[in-house]
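> What follows is data.cif, mmCIF, C-alpha atoms and all ligand atoms.
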```cif
data_run
#
loop_
_atom_site.group_PDB
_atom_site.id
_atom_site.type_symbol
_atom_site.label_atom_id
_atom_site.label_comp_id
_atom_site.auth_asym_id
_atom_site.auth_seq_id
_atom_site.Cartn_x
_atom_site.Cartn_y
_atom_site.Cartn_z
ATOM 1 C CA MET A 1 118.669 69.985 126.502
ATOM 2 C CA ARG A 2 116.832 67.743 128.934
ATOM 3 C CA LYS A 3 113.661 67.289 126.881
ATOM 4 C CA PRO A 4 112.301 68.649 123.594
ATOM 5 C CA ASN A 5 110.363 71.899 123.586
ATOM 6 C CA VAL A 6 106.611 71.612 123.099
ATOM 7 C CA TYR A 7 105.573 71.830 119.389
ATOM 8 C CA ALA A 8 109.084 70.761 118.293
ATOM 9 C CA PHE A 9 110.529 67.349 117.442
ATOM 10 C CA GLY A 10 107.247 65.719 116.441
ATOM 11 C CA GLY A 11 108.981 63.352 114.044
ATOM 12 C CA LEU A 12 106.906 64.179 110.945
ATOM 13 C CA ASP A 13 108.684 63.715 107.615
ATOM 14 C CA ARG A 14 107.941 66.923 105.734
ATOM 15 C CA ALA A 15 108.335 64.964 102.484
ATOM 16 C CA ALA A 16 109.165 67.993 100.347
ATOM 17 C CA HIS A 17 109.465 65.802 97.237
ATOM 18 C CA LEU A 18 105.740 64.965 97.398
ATOM 19 C CA ARG A 19 104.822 68.660 97.249
ATOM 20 C CA LEU A 20 106.225 68.823 93.734
ATOM 21 C CA LEU A 21 103.647 66.374 92.377
ATOM 22 C CA PRO A 22 100.933 68.472 90.707
ATOM 23 C CA ASP A 23 98.332 65.869 91.720
ATOM 24 C CA TRP A 24 99.528 65.401 95.315
ATOM 25 C CA TYR A 25 96.075 66.264 96.653
ATOM 26 C CA GLU A 26 94.138 63.812 94.453
ATOM 27 C CA ARG A 27 96.715 61.139 95.185
ATOM 28 C CA HIS A 28 96.463 61.438 98.951
ATOM 29 C CA VAL A 29 93.186 62.975 99.994
ATOM 30 C CA MET A 30 91.033 59.853 99.709
ATOM 31 C CA LEU A 31 93.635 57.268 100.712
ATOM 32 C CA GLU A 32 92.365 55.303 103.663
ATOM 33 C CA THR A 33 95.586 55.926 105.574
ATOM 34 C CA THR A 34 95.515 59.727 105.134
ATOM 35 C CA ARG A 35 94.634 61.923 108.099
ATOM 36 C CA ILE A 36 92.983 65.324 107.760
ATOM 37 C CA VAL A 37 93.880 68.131 110.182
ATOM 38 C CA PRO A 38 90.899 70.541 110.263
ATOM 39 C CA LEU A 39 91.288 74.181 111.278
ATOM 40 C CA PHE A 40 88.995 77.144 111.651
ATOM 41 C CA GLN A 41 90.213 80.723 112.222
ATOM 42 C CA ASP A 42 93.502 79.693 113.861
ATOM 43 C CA ARG A 43 91.795 77.077 115.999
ATOM 44 C CA ASN A 44 92.411 73.347 115.907
ATOM 45 C CA LEU A 45 89.932 70.529 116.354
ATOM 46 C CA VAL A 46 90.063 68.863 119.765
ATOM 47 C CA ALA A 47 87.922 66.538 121.866
ATOM 48 C CA GLY A 48 87.856 65.819 125.588
ATOM 49 C CA VAL A 49 88.178 69.377 126.873
ATOM 50 C CA GLY A 50 85.842 71.328 129.130
ATOM 51 C CA VAL A 51 84.714 74.928 129.408
ATOM 52 C CA PRO A 52 87.625 77.387 129.040
ATOM 53 C CA PRO A 53 88.691 78.969 132.353
ATOM 54 C CA GLU A 54 88.374 82.744 132.545
ATOM 55 C CA ASN A 55 92.109 83.354 132.837
ATOM 56 C CA PRO A 56 93.422 83.050 129.252
ATOM 57 C CA TRP A 57 96.720 81.725 130.606
ATOM 58 C CA ASP A 58 95.043 78.658 132.104
ATOM 59 C CA LEU A 59 94.832 75.456 130.114
ATOM 60 C CA LEU A 60 91.494 73.893 129.220
ATOM 61 C CA PRO A 61 90.314 71.311 131.752
ATOM 62 C CA GLY A 62 90.103 67.675 130.685
ATOM 63 C CA ASP A 63 92.215 65.264 128.729
ATOM 64 C CA PRO A 64 92.564 66.748 125.225
ATOM 65 C CA GLU A 65 92.707 64.558 122.152
ATOM 66 C CA ALA A 66 93.788 66.081 118.843
ATOM 67 C CA ILE A 67 91.209 65.153 116.211
ATOM 68 C CA LEU A 68 92.671 63.934 112.951
ATOM 69 C CA LEU A 69 89.901 62.791 110.620
ATOM 70 C CA THR A 70 89.887 59.915 108.157
ATOM 71 C CA PRO A 71 89.072 60.886 104.553
ATOM 72 C CA GLU A 72 85.654 59.325 105.009
ATOM 73 C CA GLU A 73 84.956 61.400 108.109
ATOM 74 C CA ALA A 74 86.212 64.534 106.352
ATOM 75 C CA GLU A 75 84.546 64.024 102.983
ATOM 76 C CA HIS A 76 81.790 66.567 103.642
ATOM 77 C CA LEU A 77 84.429 69.158 104.608
ATOM 78 C CA LEU A 78 86.554 68.891 101.470
ATOM 79 C CA PRO A 79 84.451 71.189 99.247
ATOM 80 C CA HIS A 80 84.696 73.965 101.865
ATOM 81 C CA ALA A 81 88.443 73.876 102.403
ATOM 82 C CA ALA A 82 90.645 76.564 100.906
ATOM 83 C CA ASP A 83 94.273 75.840 100.117
ATOM 84 C CA PRO A 84 94.851 72.348 101.544
ATOM 85 C CA VAL A 85 98.412 71.827 102.769
ATOM 86 C CA LEU A 86 100.448 68.648 102.589
ATOM 87 C CA LEU A 87 102.081 68.722 106.002
ATOM 88 C CA GLY A 88 104.096 65.534 105.506
ATOM 89 C CA THR A 89 104.053 61.843 106.252
ATOM 90 C CA MET A 90 104.653 59.539 109.180
ATOM 91 C CA ASN A 91 104.865 55.754 108.831
ATOM 92 C CA GLY A 92 103.074 55.842 105.492
ATOM 93 C CA THR A 93 100.303 58.176 106.641
ATOM 94 C CA ALA A 94 99.965 61.517 104.859
ATOM 95 C CA TYR A 95 98.770 64.500 106.942
ATOM 96 C CA ILE A 96 96.771 67.191 105.157
ATOM 97 C CA ALA A 97 95.676 70.465 106.772
ATOM 98 C CA LEU A 98 92.234 71.776 105.766
ATOM 99 C CA ASP A 99 91.268 75.302 106.718
ATOM 100 C CA LEU A 100 87.502 75.797 107.022
ATOM 101 C CA SER A 101 87.791 79.518 107.755
ATOM 102 C CA GLY A 102 85.723 80.327 104.655
ATOM 103 C CA LEU A 103 82.640 78.913 106.379
ATOM 104 C CA GLU A 104 80.390 80.809 108.765
ATOM 105 C CA LYS A 105 81.327 79.981 112.365
ATOM 106 C CA GLU A 106 78.084 78.060 113.057
ATOM 107 C CA HIS A 107 78.483 76.028 109.877
ATOM 108 C CA ALA A 108 82.103 75.157 110.631
ATOM 109 C CA GLU A 109 81.210 74.137 114.178
ATOM 110 C CA ALA A 110 78.235 72.077 113.021
ATOM 111 C CA ALA A 111 80.319 70.346 110.360
ATOM 112 C CA VAL A 112 82.660 68.869 112.974
ATOM 113 C CA GLU A 113 80.457 68.639 116.058
ATOM 114 C CA ARG A 114 80.386 64.838 115.962
ATOM 115 C CA HIS A 115 84.156 64.848 116.417
ATOM 116 C CA GLY A 116 85.143 67.816 118.543
ATOM 117 C CA VAL A 117 85.346 71.572 118.963
ATOM 118 C CA PHE A 118 87.659 74.242 117.570
ATOM 119 C CA ARG A 119 89.911 75.658 120.276
ATOM 120 C CA ASP A 120 93.127 77.674 120.524
ATOM 121 C CA LEU A 121 96.018 75.201 120.557
ATOM 122 C CA ARG A 122 97.844 77.295 123.133
ATOM 123 C CA ARG A 123 95.175 76.304 125.627
ATOM 124 C CA PHE A 124 95.576 72.543 125.232
ATOM 125 C CA GLY A 125 98.822 71.914 123.308
ATOM 126 C CA PRO A 126 100.948 71.243 126.412
ATOM 127 C CA ASN A 127 98.717 68.269 127.253
ATOM 128 C CA LEU A 128 99.029 66.611 123.842
ATOM 129 C CA PRO A 129 101.601 64.004 122.818
ATOM 130 C CA ALA A 130 104.586 65.667 121.080
ATOM 131 C CA PHE A 131 103.614 64.434 117.615
ATOM 132 C CA GLU A 132 100.043 65.729 117.690
ATOM 133 C CA GLY A 133 101.149 69.013 119.259
ATOM 134 C CA SER A 134 103.727 69.638 116.557
ATOM 135 C CA VAL A 135 101.378 68.714 113.680
ATOM 136 C CA LEU A 136 98.600 70.987 114.941
ATOM 137 C CA ALA A 137 101.000 73.901 115.455
ATOM 138 C CA TYR A 138 102.500 73.420 111.986
ATOM 139 C CA ALA A 139 99.039 73.289 110.365
ATOM 140 C CA ARG A 140 97.978 76.420 112.198
ATOM 141 C CA GLY A 141 101.053 78.365 111.113
ATOM 142 C CA LEU A 142 100.529 77.571 107.443
ATOM 143 C CA ALA A 143 96.779 78.208 107.502
ATOM 144 C CA TYR A 144 97.458 81.632 109.011
ATOM 145 C CA TRP A 145 99.998 82.423 106.309
ATOM 146 C CA HIS A 146 97.677 81.386 103.465
ATOM 147 C CA ARG A 147 94.814 83.525 104.748
ATOM 148 C CA ARG A 148 97.038 86.600 104.843
ATOM 149 C CA HIS A 149 98.818 86.213 101.521
ATOM 150 C CA ARG A 150 95.987 86.012 99.033
ATOM 151 C CA PHE A 151 97.422 88.964 97.110
ATOM 152 C CA CYS A 152 100.865 89.623 95.774
ATOM 153 C CA GLY A 153 102.898 92.083 97.858
ATOM 154 C CA ILE A 154 104.632 93.303 94.709
ATOM 155 C CA CYS A 155 101.821 93.948 92.186
ATOM 156 C CA GLY A 156 98.646 93.399 94.202
ATOM 157 C CA SER A 157 97.244 90.623 91.966
ATOM 158 C CA PRO A 158 95.698 87.458 93.440
ATOM 159 C CA THR A 159 98.025 84.614 94.353
ATOM 160 C CA GLU A 160 97.445 80.867 94.190
ATOM 161 C CA SER A 161 98.646 78.042 96.414
ATOM 162 C CA ARG A 162 101.340 75.822 94.895
ATOM 163 C CA ARG A 163 103.729 73.073 95.917
ATOM 164 C CA GLY A 164 101.497 71.313 98.367
ATOM 165 C CA GLY A 165 100.571 74.615 99.996
ATOM 166 C CA HIS A 166 104.165 75.636 100.727
ATOM 167 C CA GLN A 167 104.293 78.438 98.216
ATOM 168 C CA ARG A 168 101.924 80.992 96.715
ATOM 169 C CA THR A 169 102.474 82.325 93.243
ATOM 170 C CA CYS A 170 101.261 85.607 91.808
ATOM 171 C CA LEU A 171 98.770 84.985 89.005
ATOM 172 C CA ASN A 172 99.718 88.124 87.068
ATOM 173 C CA PRO A 173 101.748 86.733 84.144
ATOM 174 C CA ASP A 174 103.877 89.894 84.041
ATOM 175 C CA CYS A 175 104.834 89.370 87.682
ATOM 176 C CA GLY A 176 104.542 85.691 88.658
ATOM 177 C CA ALA A 177 106.423 86.286 91.922
ATOM 178 C CA PRO A 178 106.637 83.293 94.255
ATOM 179 C CA HIS A 179 105.839 83.910 97.924
ATOM 180 C CA PHE A 180 106.982 81.624 100.729
ATOM 181 C CA PRO A 181 105.672 81.043 104.286
ATOM 182 C CA ARG A 182 107.063 83.514 106.785
ATOM 183 C CA THR A 183 108.629 82.711 110.115
ATOM 184 C CA ASP A 184 109.637 85.719 112.172
ATOM 185 C CA PRO A 185 112.645 85.191 114.453
ATOM 186 C CA ALA A 186 112.200 86.309 118.044
ATOM 187 C CA VAL A 187 114.858 86.078 120.728
ATOM 188 C CA ILE A 188 113.897 85.076 124.239
ATOM 189 C CA MET A 189 116.504 85.298 126.922
ATOM 190 C CA LEU A 190 117.151 84.135 130.404
ATOM 191 C CA ILE A 191 119.382 86.792 131.944
ATOM 192 C CA GLU A 192 121.194 85.772 135.105
ATOM 193 C CA HIS A 193 123.232 87.577 137.704
ATOM 194 C CA GLY A 194 124.550 85.239 140.364
ATOM 195 C CA ASP A 195 121.564 83.393 141.757
ATOM 196 C CA ARG A 196 118.985 85.823 140.370
ATOM 197 C CA LEU A 197 117.054 85.984 137.110
ATOM 198 C CA LEU A 198 115.733 89.046 135.322
ATOM 199 C CA LEU A 199 111.976 88.666 134.788
ATOM 200 C CA GLY A 200 109.418 91.051 133.377
ATOM 201 C CA ARG A 201 105.677 91.495 133.269
ATOM 202 C CA GLN A 202 103.849 92.863 130.243
ATOM 203 C CA GLN A 203 101.075 95.416 130.653
ATOM 204 C CA THR A 204 98.391 93.007 129.446
ATOM 205 C CA TRP A 205 99.376 90.043 131.620
ATOM 206 C CA PRO A 206 97.470 88.999 134.743
ATOM 207 C CA GLU A 207 98.815 90.331 138.045
ATOM 208 C CA GLY A 208 101.770 88.304 139.314
ATOM 209 C CA GLN A 209 102.532 86.792 135.900
ATOM 210 C CA TYR A 210 106.234 87.059 135.033
ATOM 211 C CA SER A 211 108.492 85.683 132.321
ATOM 212 C CA VAL A 212 111.929 86.101 130.828
ATOM 213 C CA LEU A 213 112.331 88.969 128.375
ATOM 214 C CA ALA A 214 111.807 88.551 124.628
ATOM 215 C CA GLY A 215 111.607 90.536 121.422
ATOM 216 C CA PHE A 216 111.781 90.403 117.646
ATOM 217 C CA VAL A 217 115.034 90.405 115.735
ATOM 218 C CA GLU A 218 115.344 93.469 113.525
ATOM 219 C CA PRO A 219 116.668 93.548 109.950
ATOM 220 C CA GLY A 220 120.441 93.783 109.832
ATOM 221 C CA GLU A 221 120.864 92.509 113.369
ATOM 222 C CA SER A 222 122.522 89.341 114.683
ATOM 223 C CA LEU A 223 120.708 87.225 117.262
ATOM 224 C CA GLU A 224 123.266 88.129 119.933
ATOM 225 C CA GLU A 225 122.827 91.825 119.194
ATOM 226 C CA ALA A 226 119.058 91.442 119.412
ATOM 227 C CA VAL A 227 119.373 89.824 122.862
ATOM 228 C CA ILE A 228 121.584 92.632 124.160
ATOM 229 C CA ARG A 229 119.444 95.396 122.634
ATOM 230 C CA GLU A 230 116.094 94.029 123.813
ATOM 231 C CA VAL A 231 117.268 93.540 127.385
ATOM 232 C CA PHE A 232 118.707 97.041 127.509
ATOM 233 C CA GLU A 233 115.565 98.623 126.007
ATOM 234 C CA GLU A 234 113.211 96.809 128.344
ATOM 235 C CA SER A 235 115.233 96.889 131.563
ATOM 236 C CA GLY A 236 118.335 99.065 131.197
ATOM 237 C CA VAL A 237 120.461 96.024 132.136
ATOM 238 C CA ARG A 238 123.695 95.523 130.187
ATOM 239 C CA VAL A 239 124.317 91.959 129.015
ATOM 240 C CA GLY A 240 127.799 90.548 128.348
ATOM 241 C CA GLN A 241 128.215 86.912 127.415
ATOM 242 C CA VAL A 242 125.341 85.390 125.380
ATOM 243 C CA ARG A 243 124.942 81.688 124.656
ATOM 244 C CA TYR A 244 122.360 79.671 122.697
ATOM 245 C CA HIS A 245 119.970 77.424 124.625
ATOM 246 C CA SER A 246 117.337 75.934 122.285
ATOM 247 C CA SER A 247 114.552 76.969 119.946
ATOM 248 C CA GLN A 248 110.828 76.477 119.746
ATOM 249 C CA PRO A 249 108.445 76.796 116.815
ATOM 250 C CA TRP A 250 105.864 79.344 117.873
ATOM 251 C CA PRO A 251 103.302 79.701 115.078
ATOM 252 C CA PHE A 252 101.098 81.924 117.257
ATOM 253 C CA PRO A 253 100.925 83.398 114.717
ATOM 254 C CA CYS A 254 104.247 83.080 112.885
ATOM 255 C CA SER A 255 107.379 83.088 115.027
ATOM 256 C CA ILE A 256 110.226 80.910 116.028
ATOM 257 C CA MET A 257 111.524 81.546 119.528
ATOM 258 C CA LEU A 258 115.308 81.445 119.757
ATOM 259 C CA GLY A 259 116.297 80.898 123.354
ATOM 260 C CA PHE A 260 119.489 82.335 124.841
ATOM 261 C CA TRP A 261 121.219 82.505 128.172
ATOM 262 C CA GLY A 262 122.894 85.809 128.958
ATOM 263 C CA VAL A 263 124.984 87.074 131.835
ATOM 264 C CA ALA A 264 124.166 90.528 133.181
ATOM 265 C CA GLU A 265 127.025 92.975 133.648
ATOM 266 C CA THR A 266 124.881 95.538 135.457
ATOM 267 C CA THR A 267 121.878 95.089 137.745
ATOM 268 C CA GLU A 268 120.168 98.471 138.003
ATOM 269 C CA ILE A 269 116.740 98.329 136.333
ATOM 270 C CA VAL A 270 115.762 101.366 134.294
ATOM 271 C CA ARG A 271 112.780 100.866 132.024
ATOM 272 C CA LYS A 272 113.117 102.890 128.844
ATOM 273 C CA ASP A 273 109.739 102.153 127.307
ATOM 274 C CA ASP A 274 106.331 101.110 128.572
ATOM 275 C CA GLU A 275 106.391 97.693 126.958
ATOM 276 C CA LEU A 276 106.751 96.131 130.402
ATOM 277 C CA ALA A 277 104.657 96.947 133.436
ATOM 278 C CA ASP A 278 107.506 95.762 135.646
ATOM 279 C CA ALA A 279 110.958 94.203 135.493
ATOM 280 C CA ARG A 280 112.697 92.726 138.508
ATOM 281 C CA TRP A 281 115.394 90.382 139.712
ATOM 282 C CA VAL A 282 113.966 87.198 141.210
ATOM 283 C CA SER A 283 116.137 84.980 143.377
ATOM 284 C CA LEU A 284 116.459 81.206 143.089
ATOM 285 C CA ALA A 285 114.931 80.910 146.566
ATOM 286 C CA ASP A 286 111.858 82.885 145.458
ATOM 287 C CA LEU A 287 111.539 80.860 142.252
ATOM 288 C CA ARG A 288 111.279 77.785 144.466
ATOM 289 C CA ARG A 289 108.317 79.224 146.371
ATOM 290 C CA VAL A 290 106.388 81.057 143.674
ATOM 291 C CA ASP A 291 103.009 80.015 145.085
ATOM 292 C CA GLU A 292 103.841 81.495 148.471
ATOM 293 C CA ILE A 293 104.892 84.837 147.058
ATOM 294 C CA GLY A 294 102.133 85.067 144.414
ATOM 295 C CA LEU A 295 104.396 84.802 141.391
ATOM 296 C CA ARG A 296 103.121 83.031 138.262
ATOM 297 C CA LEU A 297 105.706 81.512 135.950
ATOM 298 C CA PRO A 298 105.245 81.217 132.160
ATOM 299 C CA ARG A 299 103.025 78.517 130.713
ATOM 300 C CA ARG A 300 104.250 74.965 130.588
ATOM 301 C CA ASP A 301 104.305 74.921 126.779
ATOM 302 C CA SER A 302 106.728 77.841 126.534
ATOM 303 C CA ILE A 303 110.457 77.818 126.040
ATOM 304 C CA ALA A 304 110.541 80.527 128.721
ATOM 305 C CA ARG A 305 109.371 78.002 131.306
ATOM 306 C CA ARG A 306 111.871 75.425 130.020
ATOM 307 C CA MET A 307 114.741 77.865 130.347
ATOM 308 C CA ILE A 308 113.756 78.847 133.874
ATOM 309 C CA GLU A 309 113.361 75.194 134.910
ATOM 310 C CA ASP A 310 116.690 74.228 133.343
ATOM 311 C CA TRP A 311 118.407 77.093 135.125
ATOM 312 C CA MET A 312 116.890 76.049 138.459
ATOM 313 C CA ALA A 313 117.778 72.374 137.885
ATOM 314 C CA ASP A 314 121.400 73.315 137.219
ATOM 315 C CA ARG A 315 121.479 74.824 140.691
ATOM 316 C CA GLY A 316 120.369 71.580 142.330
HETATM 317 ZN ZN ZN A 401 102.615 89.961 91.549
#
```
I'd like the structure from this file rewritten - as structure tokens, please.
Ligand SMILES: [Zn+2]

Amino acid sequence: MRKPNVYAFGGLDRAAHLRLLPDWYERHVMLETTRIVPLFQDRNLVAGVGVPPENPWDLLPGDPEAILLTPEEAEHLLPHAADPVLLGTMNGTAYIALDLSGLEKEHAEAAVERHGVFRDLRRFGPNLPAFEGSVLAYARGLAYWHRRHRFCGICGSPTESRRGGHQRTCLNPDCGAPHFPRTDPAVIMLIEHGDRLLLGRQQTWPEGQYSVLAGFVEPGESLEEAVIREVFEESGVRVGQVRYHSSQPWPFPCSIMLGFWGVAETTEIVRKDDELADARWVSLADLRRVDEIGLRLPRRDSIARRMIEDWMADRG
């Protein structure tokens, strides 16, 4: 790997031992060194960005700064936060995620307006330092999980956050089931045949936007099997050799992307479902002149882009 994937390798110590302290929140929340990571409805607090461009694939203009509040700055937010999460520590600083999603939108926005605005991390994450990017993504993933697991999937009773926000426990004494944050594995694969790559375009993507193929791993399936199955379903191409590339946390909302390189054994494209609007082989020469031919590559924060760039770099 030439460089870490965006949202990975931030360097935070997850400090799992601190989660076990029943008073972890009281111990850390008002320490001067603590930093609060505010969230609202899957959006993170950021400053220094301009008006969002119309194309949802475009990044926000400006020079984004992730806003991590001091306890003093966040004091007025604390009563409104549901299920604070101890994200971890870094050089003696504890990072705590606070989800303000229980507030009305105007109230949440007003409560932080001195500091920044709530925006979708996917639209500014690639322009953040690795540490901030990874902390904001991590906080977002856990906040999403908490909001969707308020009730036990076994007995339907309410659940309560435990262990620093890394577990929820069913409050029905006859059940008491623990529930843990979910991360859904998805495979994403760069499929090559000679000097060409197999790229696809989803129905909802802007015209000209292409990426490598991807899909969720199914129960009872190995990662390699998932790669081969997904490529065949989406393109009709048969894949032989499959090799691991790298992974990327993708809490948008709750995945990890597992990147693979695969070698195609056939080249005829037959689309079996309508998941893709198009699938095609794109040559190395065309990848080097995407602007000229009107092809848009995946976003800079994606492992898809990394895999394509690594593949091109290997070819000089
Ligand atoms: Zn239960």
> List the neighbours of Val46 of chain A out to 6 Å using all atoms listed in the file; skip same-chain residues closer than 6 positions along the sequence, and give me the result as a VMD selection string.
chain A and resid 65 to 67 116 to 117
> Write a file of the just-selected residues containing C-alpha atoms, as a short mmCIF file (atom, residue, chain, number, x, y, z; two decimals), in the coordinates of the input.

```
data_model
loop_
_atom_site.label_atom_id
_atom_site.label_comp_id
_atom_site.auth_asym_id
_atom_site.auth_seq_id
_atom_site.Cartn_x
_atom_site.Cartn_y
_atom_site.Cartn_z
CA GLU A 65 92.71 64.56 122.15
CA ALA A 66 93.79 66.08 118.84
CA ILE A 67 91.21 65.15 116.21
CA GLY A 116 85.14 67.82 118.54
CA VAL A 117 85.35 71.57 118.96
#
```
> Select all residues near (113.6, 98.7, 129.4) (cut-off 12 Å, inclusive, file coordinates), counting only C-alpha atoms, and output them as a PyMOL selection string.
chain A and resi 198-202+213-215+228-238+268-280
> Could you report the residues within 6 Å of ligand ZN 401 (chain A), using all atoms listed in the file, as a PyMOL selection string?
chain A and resi 152+154-157+170+172+175-177
> I need the residue nearest Leu39 of chain A from this list: A:Ala111, A:Leu20, A:Ala226, A:Val212. Use only C-alpha atoms for the distance.
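Among the listed residues, the smallest separation from Leu39 of chain A belongs to A:Ala111.
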> Which residues, named as in the file, does the PyMOL selection byres (((chain A and resi 133-149) around 6) and not hetatm) pick out? Answer as a PyMOL selection string.
chain A and resi 7-8+10+42+97+125+128+130-132+150-151+251+254
> Suppose a student applies the PyMOL selection byres (((chain A and resi 70) around 9) and not hetatm) to this structure; what residues should they get, written as a list in words?
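This file gives the following for the PyMOL selection byres (((chain A and resi 70) around 9) and not hetatm): Met30, Leu31, Glu32, Thr33, Thr34, Arg35, Ile36, Leu68, Leu69, Pro71, Glu72, Glu73, Ala74 and Glu75 of chain A.
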> One decimal, in Å: what's the spacing between atom CA of His179 of chain A and atom CA of Leu45 of chain A?
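Taking atom CA of His179 of chain A and atom CA of Leu45 of chain A, their separation equals 27.8 Å.
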> Using only C-alpha atoms for the distances, tell me which of A:Val263, A:Val239, A:Val112, A:Leu86 is nearest to Gly194 of chain A.
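When distances to Gly194 of chain A are compared using only C-alpha atoms, the smallest one comes from A:Val263.
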> Which residues, protein or nucleic acid, reach to within 10 Å of (95.4, 84.4, 133.1) in the file's coordinates when using all atoms listed in the file, and can you give that as a ChimeraX atom specification?
/A:53-59,204-209,296,299
> Starting from the shown file, work through the PyMOL selection byres (((chain A and resi 301) around 8) and not hetatm) and note down what comes out as a ChimeraX atom specification.
/A:5-6,122,125-126,299-300,302-303,305
> Just the number, please: distance in Å from atom CA of Met257 of chain A to atom CA of Val187 of chain A, one decimal.
5.8 Å
> Skipping near chain neighbours, those fewer than 5 positions away, what residues fall within 8 Å of Asp83 of chain A using only C-alpha atoms, listed as a PyMOL selection string?
chain A and resi 98-99+146+161+165
> Find the residues around Pro61 of chain A up to 9 Å (only C-alpha atoms counted), leave out those fewer than 5 positions away in its own chain, and share them as a PyMOL selection string.
chain A and resi 48-53+124
> Mind giving me the straight-line distance from atom CA of Phe118 of chain A to atom CA of Leu100 of chain A in Å, one decimal?
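Straight-line distance from atom CA of Phe118 of chain A to atom CA of Leu100 of chain A works out to 10.7 Å.
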> Counting only C-alpha atoms, which residue out of A:Ser247, A:Gln41, A:Gly220, A:Ala186 sits closest to Phe9 of chain A?
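That would be A:Ser247, the residue with the smallest distance to Phe9 of chain A.
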> So which one's closest to Tyr210 of chain A, A:Trp250, A:Phe180, A:Phe260, A:Trp281? Using only C-alpha atoms, please.
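Closest candidate: A:Trp281.
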> With distances taken over all atoms listed in the file, which residue among A:Leu121, A:Leu78, A:Leu60, A:Ala47 lies nearest Phe252 of chain A?
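Comparing A:Leu121, A:Leu78, A:Leu60, A:Ala47 against Phe252 of chain A, the winner is A:Leu121.
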> Could you please fill out segment 27-38 of chain A with N, CA and C atoms and send it back as a compact mmCIF listing (two decimals), in the coordinates of the input?

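Saved the output as out.txt:
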```txt
# COMPACT_ATOMS: atom_id res chain seq x y z
N ARG A 27 96.05 62.39 94.83
CA ARG A 27 96.72 61.14 95.18
C ARG A 27 96.48 60.75 96.65
N HIS A 28 96.46 61.74 97.52
CA HIS A 28 96.46 61.44 98.95
C HIS A 28 95.14 61.62 99.67
N VAL A 29 94.29 62.53 99.14
CA VAL A 29 93.19 62.98 99.99
C VAL A 29 92.20 61.86 100.32
N MET A 30 92.01 60.90 99.40
CA MET A 30 91.03 59.85 99.71
C MET A 30 91.68 58.51 100.06
N LEU A 31 92.99 58.51 100.27
CA LEU A 31 93.64 57.27 100.71
C LEU A 31 93.17 56.95 102.13
N GLU A 32 92.88 55.70 102.35
CA GLU A 32 92.36 55.30 103.66
C GLU A 32 93.31 55.69 104.81
N THR A 33 94.60 55.66 104.51
CA THR A 33 95.59 55.93 105.57
C THR A 33 95.77 57.42 105.86
N THR A 34 95.29 58.28 104.97
CA THR A 34 95.52 59.73 105.13
C THR A 34 94.75 60.26 106.36
N ARG A 35 95.32 61.26 106.99
CA ARG A 35 94.63 61.92 108.10
C ARG A 35 94.51 63.42 107.79
N ILE A 36 93.30 63.93 108.05
CA ILE A 36 92.98 65.32 107.76
C ILE A 36 93.05 66.13 109.06
N VAL A 37 93.73 67.26 109.01
CA VAL A 37 93.88 68.13 110.18
C VAL A 37 93.01 69.36 109.96
N PRO A 38 91.79 69.41 110.53
CA PRO A 38 90.90 70.54 110.26
C PRO A 38 91.26 71.76 111.12
```
